[in-house]
There are 2 protein chains.
Amino acid sequence: MDKDLSLDNLRKKIRSNEFTKTTSGYAPGYLQANLVILPALWAADFLLFCQKNPVACPLIDVTQPGERYLPSIGADIDLSTDVPEYHVFYEGNFETSVSDLKDLWQDDLVTFVLGCSFSFEEALIQSGLSIRNIDEGKNVSMYDTNIACQPAGKFNGSFVVSMRPFRAKDTIRAIQITTRFPKSHGAPVHFGDPSTIGISDIGKPNYGDAVHINSDEIPVFWACGVTPQNVIRQSRPPFCITHAPGKMLITDRLSSEFAVL
Amino acid sequence: MDKDLSLDNLRKKIRSNEFTKTTSGYAPGYLQANLVILPALWAADFLLFCQKNPVACPLIDVTQPGERYLPSIGADIDLSTDVPEYHVFYEGNFETSVSDLKDLWQDDLVTFVLGCSFSFEEALIQSGLSIRNIDEGKNVSMYDTNIACQPAGKFNGSFVVSMRPFRAKDTIRAIQITTRFPKSHGAPVHFGDPSTIGISDIGKPNYGDAVHINSDEIPVFWACGVTPQNVIRQSRPPFCITHAPGKMLITDRLSSEFAVL
């Protein structure tokens with residue numbers, strides 16, 4: 001019903017904590033983003049980490065310390081209130097969920113805005129492909145892998161990937177389409193045998209839900225915006241805030257503005 | 001040794017029947033092409049066939065009846081002499097090989113110049129990928145398939161595909177690179193399970209040579225310029241001339257001129 005909400009109205013409901021669900025399928029056409037918020041002392045290293053890992057961490061923009069606004073992605077956006085749910089980590093451990101950062105904001109916090117796969121999913125659907133987890137009403141399947149990130153300063157870890165099954169013909173088309181969206185993780189990093197990238201059981205994702213894979217389909221793996229949260233867990237900054245998975249920051253920018261070619 | 005021949009010298013040697021080998025690896029950077037030569041009465045149908053099957057039959061240019069020259073692809077090119085070896089078909093049956101068409105030329109012949117996979121192979125190698133059949137010093141593996149062409153007038157048949165094995169990661173890159181070359185068959189039409197496209201034994205190609213496929217590699221299939229010869233065999237025009245497989249027309253145009261994006 002409320003998927004027809006205008007971007008303005010949706011943002012108001014998120015800001016007033018009236019809307020706390022996943023943003024998947026809302027405000028179609030608008031770029032949705034992952035957030036990572038870190039103290040300034042850790043921010044330079046994370047900026048370098050994003051630079052060295054653009055497929056897992058496609059950086060859209062980053063604030064100055066303490067800034068809660070980022071006009072490049074939305075004139076009206078307040079980064080401390082405009083995400084339906086935030087996750088709070090201390091020393092790399094998840095501590096709690098909050099619906100805004102009014103009580104947690106610090107003047108040294110730097111916010112990283114990272115692209116997410118919702119943009120390319122929209123493009124795949126517009127090209128006539130079906131996204132299995134959407135058809136099954138589930139969250140996308142996500143897996144820890146043995147694909148190492150390039151370390152940077154205090155940050156290190158491995159890729160988390162999302163998986164969508166397709167037939168070979170549709171995989172070829174999906175590779176072409178997602179190549180156009182480098183700020184949404186771009187082309188797949190792998191397809192086929194899950195063990196090649198350290199996944200032992202495709203039926204048991206580490207995050208999200210398992211989906212059905214037909215016998216004529218191949219699992220196709222894209223770098224995933226959950227990678228930074230995995231890296232945070234491993235690198236243990238004293239304090240960190242992220243969006244809750246699936247509950248993204250909706251920007252004023254169109255996904256198509258970020259497509260190349 | 002003679003792979004260093006300049007384009008001019010190579011063409012002179014081909015024209016004088018001094019050079020009758022495969023053109024693979026010669027005149028790097030220059031577009032090489034498949035030829036189909038048909039009587040004018042059959043040409044309109046074949047033009048329509050190319051239009052309806054651009055992946056298997058990527059048309060570079062076509063002559064008026066009787067013309068042996070095509071300045072769009074080379075100021076100096078004589079289509080009746082500048083291919084190392086021609087194949088002659090009567091009623092769809094292969095009859096003989098000739099090194100030029102001086103004794104066979106007719107005023108009603110229309111020549112179709114079609115892109116070939118040599119262009120994208122060069123681009124794959126330049127991107128650091130290895131082509132197995134080139135490394136093994138063999139002709140590429142080619143297979144009849146159950147992928148139906150779109151029929152047009154008197155012409156009908158199925159796709160012939162060429163196969164090159166790659167690991168998943170390199171397959172993704174190869175899909176990106178070959179997508180840029182629609183006039184060289186473009187992106188693959190299939191990868192993985194050969195039986196999906198009607199190939200019963202990957203170890204027994206219908207044309208060319210078998211190559212080794214490692215356990216971590218996937219067979220990747222592209223539409224192939226042998227498709228028109230298969231279609232000729234099935235559609236039985238009274239008279240037809242093609243190039244001999246692997247012995248192509250070398251044009252004055254650069255492959256990179258035909259790349260999109």
# chains A, B, ... in the order shown; residues from 1 in each chain; ligands from 1
>>> select_by_dssp(residues="range 63-225 of chain B", states="helix (DSSP H, G or I)", output="VMD selection string")
chain B and resid 118 to 126 132 to 135 168 to 179 182 to 184 194 to 197
>>> interface_residues(of="chain B", to="chain A", cutoff="6 Å", atoms="only C-alpha atoms", output="NGL selection string")
:B and (168-169 or 190)
>>> write_last_selection(atoms="N, CA and C atoms", output="mmCIF file, in the first residue's frame")
data_model
loop_
_atom_site.group_PDB
_atom_site.id
_atom_site.type_symbol
_atom_site.label_atom_id
_atom_site.label_comp_id
_atom_site.auth_asym_id
_atom_site.auth_seq_id
_atom_site.Cartn_x
_atom_site.Cartn_y
_atom_site.Cartn_z
ATOM 1 N N ALA B 168 35.620 -18.800 -13.896
ATOM 2 C CA ALA B 168 34.445 -17.928 -13.747
ATOM 3 C C ALA B 168 34.838 -16.459 -13.797
ATOM 4 N N LYS B 169 35.899 -16.103 -13.075
ATOM 5 C CA LYS B 169 36.304 -14.701 -12.999
ATOM 6 C C LYS B 169 36.674 -14.170 -14.393
ATOM 7 N N HIS B 190 26.064 -18.563 -24.543
ATOM 8 C CA HIS B 190 25.847 -19.569 -23.494
ATOM 9 C C HIS B 190 27.177 -19.839 -22.800
#
>>> atom_distance(atom1="CA of Ser16 in chain A", atom2="CA of Lys247 in chain A")
15.0 Å
>>> residues_around(residues="range 20-36 of chain B", least_positions_apart="2", cutoff="8 Å", atoms="only C-alpha atoms", output="PyMOL selection string")
chain B and resi 3-7+10+14+17-18+38+84-85+99+111-116+118-119+122+225+228+240-243+246-256
>>> residues_around(residues="Trp42 in chain B", least_positions_apart="3", cutoff="12 Å", atoms="only C-alpha atoms", output="number ranges by chain")
B: 36-39, 45-49, 65, 108-112, 152-155, 232, 235-240
>>> closest_residue(among="B:Pro219, B:Gly208, B:Gly66, B:Gly74", to="Leu104 in chain B", atoms="only C-alpha atoms")
B:Gly66
>>> select_by_dssp(residues="range 35-235 of chain B", states="strand (DSSP E)", output="ChimeraX atom specification")
/B:35-39,59-62,86-90,93-98,109-115,141-148,158-166,190-191,218-223
>>> closest_residue(among="B:Val98, B:Ile147, B:Ile73, B:Val211", to="Val161 in chain B", atoms="only C-alpha atoms")
B:Ile147
>>> atom_distance(atom1="CA of Val83 in chain B", atom2="CA of Leu101 in chain B")
9.6 Å
>>> closest_residue(among="B:Met163, B:Lys13, B:Ala40, B:Asp144", to="Glu67 in chain B", atoms="only C-alpha atoms")
B:Ala40
>>> residues_around(residues="range 133-142 of chain A", least_positions_apart="2", cutoff="12 Å", atoms="only C-alpha atoms", output="ChimeraX atom specification")
/A:22-25,117-118,121-122,124-125,129-131,144-145,159-166,194,199,201-213,219-227,230,245-247
>>> atom_distance(atom1="CA of Tyr90 in chain A", atom2="CA of Asn156 in chain A")
17.0 Å
>>> residues_around(residues="Pro54 in chain B", least_positions_apart="6", cutoff="9 Å", atoms="only C-alpha atoms", output="MDAnalysis selection string")
chainID B and resid 182:183 185
